[in-house]
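Since the structure comes first, as structure tokens, the remarks are kept for the end.
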Amino acid sequence: MSYFNLQEKIEEFKMLLNDSIDFAHRYFEKEGQKVAMIFLKSITDQELLSDSIYMPMQMYQGSLSIENLQNEIIKCSDITEIEEEKIINEILGGKIILLTDFSDKIIAVDLYKFPTRQPTEPPTSPVIQGPREGFVEDLQTNITLIRRRLKSKNLVIKSLQIGSQSQTKIAVTYLKDVANDYIVNKVVKKLKKIKIDGIIDSYYILSFLEEHPNSLFKQVGNAEKPDIVTAKMLEGKVAIIVDNSPIVLTVPFAIIEDLQNSNDYYTNHHYSSIIRVIRLLGLLIAILAPGFYLSLQIFHYNILPLNFLITIADTTLGLPFTPFIEIAFIFLLFQILYEVSLRLPSYLGLATSVVGALILGDTGVKAGLISPPGVIIVALAKIALYTVPEQASQITVLQIVFLILGGSLGIMGIMAGMVYVVNYLNKLDSFDTPYLAPYSPRIPRDLKDAILTNSIIEMDELPKSYSPKKEKRK
Amino acid sequence: MKDKISMRQAGIIALLIIFSNKILLLPALMHEYIKADAIFAIIMLFAIEFLAVPIFLKLRRTFPQEKLYDILKRYITVFGAKLLYLASMVFMIFKALLVFSIVYVYLKEQIYQNEFVWIALISFIPIMNHAVMSGLKPTARTMELFFGVLIAGFVFCLVISFFTPISTPYFFVSSAKDIFASIYKYAFTFGDSLFLFLIIDKIDYKPKEEKKFYFYVFFGMILVVALFFLFYCKYQLTSFMHNNALADLLVFSVRFNAIGRLDIVAMLTIMLSSLFQMEIFCYGFCDSFINVLPLDKKYAIVLFDIIFLILYYIFIGKYEIMVKSTVTWLPVLGVIMGYVFPIACFIFTFLKRRKKDEKSD
């Protein structure tokens with residue numbers, strides 16, 4: 001390859017990369033031998049380029065050859081020889097391509113670098129006691145965080161690339177002596193089948209993994225902390241790490257996982273059991289409270305205790321709306337405030353909360369538009385929703401459904417709705433794991449870590465629900 | 001194995017069908033006829049019904065993995081089998097209608113004063129249809145999940161009755177003839193074990209878990225007998241005036257210290273158990289239908305809904321006719337499906353064994 005050929009090649013690649021602003025190349029010439037380095041400066045560590053490639057070449061006393069470059073000169077661990085047709089992909093992957101005029105071989109050196117944040121505690125999963133590290137947007141860092149916790153020869157990390165445009169790297173990780181081969185193969189098969197232009201976040205592949213993608217209920221677990229993912233993998237689950245996403249997906253999934261929290265394992269198990277019961281109550285209150293209150297107010301006021309009935313009658317007397325409209329209005333108000341507070345900067349969000357909670361709520365009651373019990377019930381349901389934040393979106397939809405059922409059919413409608421929803425959930429299997437396990441069907445072995453939890457000493461068996469290869473933890 | 005229900009789930013279904021038609025109106029009806037001696041009648045009825053359990057288990061052992069239809073076809077021809085399934089359809093739909101009519105009247109009296117007809121139909125029919133469409137496995141799992149809540153509610157109602165003055169009722173006031181006559185008269189409210197025979201091939205049978213199955217059946221029977229006994233203890237000679245036994249156990253003890261009104265517990269228990277019973281009977285109807293006519297279960301559901309609504313207009317408007325039917329012509333069906341049928345199944349197992357013995361000789 002002559003010097004002019006090198007220049008031509010560089011021009012060719014530049015055109016192939018659409019004359020990008022971050023396209024860069026450097027020439028190095030020593031004793032008539034020329035080396036061209038092609039890279040994207042936006043994703044390449046240029047300091048390292050100078051230290052590990054450019055400087056060593058300058059300092060080298062002998063003549064340059066591909067073997068010398070690979071074995072002696074370049075001070076970098078990830079050096080590979082590649083085919084010409086792969087050059088563009090490697091450049092896009094953050095590698096530096098070395099072309100020479102003395103050999104037709106091409107070398108790629110991994111000097112990938114992009115801005116990453118530290119693995120700090122994720123805002124969605126804070127702990128009082130326990131590890132505070134969280135996943136970041138870099139795949140390699142995330143793998144490191146798992147590898148650090150699982151120094152096992154059984155840890156398998158399979159790599160895939162999905163997205164015709166994004167070429168996103170995905171890692172499927174599991175413990176080969178625990179995870180069921182059937183589940184692993186199914187996950188890999190589903191991932192390989194994905195035909196999409198780009199994966200922006202792990203949630204993009206979530207629907208592809210779900211067995212009932214149109215269902216309201218999620219069938220894939222997710223976590224932002226390596227300790228949680230590691231614990232799940234020890235139970236036989238498969239973790240899917242997606243580059244550029246701090247959310248790691250896990251399968252199979254059972255709804256009980258969302259009632260568990262990493263804090264539970266770092267505190268006394270009696271206390272954890274109480275907290276989990278409260279979480280379950282919170283879940284039920286969040287789903288049923290507005291509908292149940294409405295059904296009592298519209299249909300079954302005669303079953304309310306007299307004192308409570310008098311209070312409700314006093315406060316609702318003279319309201320211009322029907323109970324259903326009133327509760328629906330308060331519900332809508334809370335939902336709007338929630339959406340606004342999420343999207344506004346924190347200083348404005350606080351102001352909105354004050355306006356919403358104090359001014360709108362208080363003034364609404366004083367103006368006789370809404371009643372205090374209505375505000376309390378909807379507020380309670382909205383707060384209780386966050387006892388299980390992972391299910392917040394699903395609970396919100398269920399709140400609306402049960403609100404309509406309670407308002408139109410009364411308690412009978414709520415009961416029928418509950419049976420319907422549970423029946424529906426019982427149809428959902430996530431990779432052959434029953435959605436409501438270990439309660440429906442009842443799996444006694446898995447009850448050790450369900451709503452009521454035993455101490456870690458007693459959890460000597462792996463959960464049967466996830467069909468692990470072995471039974472005992474050892 | 002994948003679409004089968006566990007022995008525990010089958011036991012829970014058995015317990016739920018034991019409750020059917022017996023926890024609200026039946027104690028009052030039977031009291032009207034034979035006073036507190038109704039307890040002896042139901043113990044005898046349960047004793048007969050309990051016999052169906054070992055027969056069912058034996059049939060399952062003798063004909064592993066075989067559908068009831070195939071077993072019947074072998075012994076009573078295709079026509080006989082289809083005729084029996086047709087009778088099962090009638091039995092199931094009337095059972096569903098009876099549960100519905102009793103719960104309908106109870107809820108209308110208690111909470112929904114007017115316009116309850118559509119509320120009840122909209123609440124029950126989609127749930128029954130969804131259960132059939134989902135299949136037996138998810139439905140059984142749902143019952144398993146709610147089982148604890150349901151039993152807790154039931155036991156709670158029984159326990160609360162102790163907080164009001166109760167005394168032993170007067171027994172032996174009716175003649176033996178009357179007691180035996182009432183056994184026939186109320187036969188339709190029993191004999192629900194037929195459903196177990198219909199789903200015989202859908203149970204993941206494990207010999208080790210037979211005890212578990214017996215436990216649930218026995219437990220259900222004990223609870224119903226306890227309900228009858230406590231109800232008669234509480235209301236004595238006026239028991240016939242109280243049409244909602246389980247709920248009426250809480251009357252006069254509705255305020256329990258700081259908790260407030262407790263009759264909602266009975267209400268929720270009754271709603272839940274009746275929803276499950278209706279699911280079971282609807283499933284039984286549809287399962288029988290697809291054996292009579294080889295059509296999709298969607299057609300069975302549509303047929304069930306149509307017949308249910310027609311019968312509803314005939315009977316529910318005239319609640320007394322429905323109740324009267326259960327003691328006039330429906331007992332014949334009850335005796336055939338609930339008692340003669342299990343005996344016939346026992347004979348089949350005997351015949352199969354004889355055939356086996358002959359072959360081995």
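Residue numbering restarts at 1 in every chain; chains get A, B, ... in the order shown in the structure tokens, and ligands count up from 1 in that same order.
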
For chain B, report every residue with an atom at most 9 Å from chain A (counting only C-alpha atoms), formatted as a PyMOL selection string. chain B and resi 6+8-9+107+110-113+116+118-120+122-124+126-127+130-131+134-135+137-146+255+260-264+268+271-272+275-276

Which residues come within 12 Å of A:Glu11, counting only C-alpha atoms, excluding same-chain residues fewer than 3 positions away, as a PyMOL selection string? chain A and resi 4-8+14-20+23-25+36+38

Can you write just those residues out, C-alpha atoms, as a compact mmCIF listing (two decimals), in the first residue's frame?
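out_6.txt, written as the output of this step:
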```txt
# COMPACT_ATOMS: atom_id res chain seq x y z
CA PHE A 4 -1.01 7.88 -1.88
CA ASN A 5 -3.10 4.77 -1.34
CA LEU A 6 -3.22 5.55 2.34
CA GLN A 7 -4.45 9.04 1.64
CA GLU A 8 -7.01 7.69 -0.77
CA LYS A 14 -14.09 10.03 5.52
CA MET A 15 -16.71 9.99 2.81
CA LEU A 16 -18.22 6.78 4.16
CA LEU A 17 -18.58 8.49 7.52
CA ASN A 18 -20.27 11.45 5.83
CA ASP A 19 -17.36 13.81 6.36
CA SER A 20 -18.16 13.85 10.04
CA PHE A 23 -13.49 12.13 11.96
CA ALA A 24 -9.74 12.38 12.51
CA HIS A 25 -6.55 10.90 11.14
CA ALA A 36 -1.97 6.19 9.21
CA ILE A 38 -7.95 6.75 11.66
```

Nearby residues (only C-alpha atoms) at most 12 Å from A:Ala108, same-chain spacing under 4 positions excluded, as an NGL selection string: :A and (36-39 or 53 or 66 or 69-70 or 74 or 76-84 or 86-99 or 112)

Show me, as a count of residues only, the residues that have an atom within 7 Å of stretch 192-194 of chain B when counting only C-alpha atoms, minus same-chain residues fewer than 5 positions from it. 6

Quick one: which stretch 102-160 of chain B residues come within 12 Å of stretch 236-245 of chain B, and what is the nearest atom pair for each with the distance in Å to one decimal, counting only C-alpha atoms, rows ordered by chain and ascending number, as CSV?
```
residue,atom,partner,partner_atom,distance
B:Ile102,CA,B:Asn244,CA,8.7
B:Val103,CA,B:Asn244,CA,9.0
B:Tyr104,CA,B:Asn244,CA,11.4
B:Val105,CA,B:Asn244,CA,9.4
B:Tyr106,CA,B:Asn244,CA,6.7
B:Leu107,CA,B:Asn244,CA,9.9
B:Lys108,CA,B:Asn244,CA,11.9
B:Glu109,CA,B:Asn244,CA,10.1
B:Gln110,CA,B:Asn244,CA,10.0
B:Phe154,CA,B:Ala245,CA,11.4
B:Cys157,CA,B:Ala245,CA,10.0
B:Leu158,CA,B:Ala245,CA,10.3
```
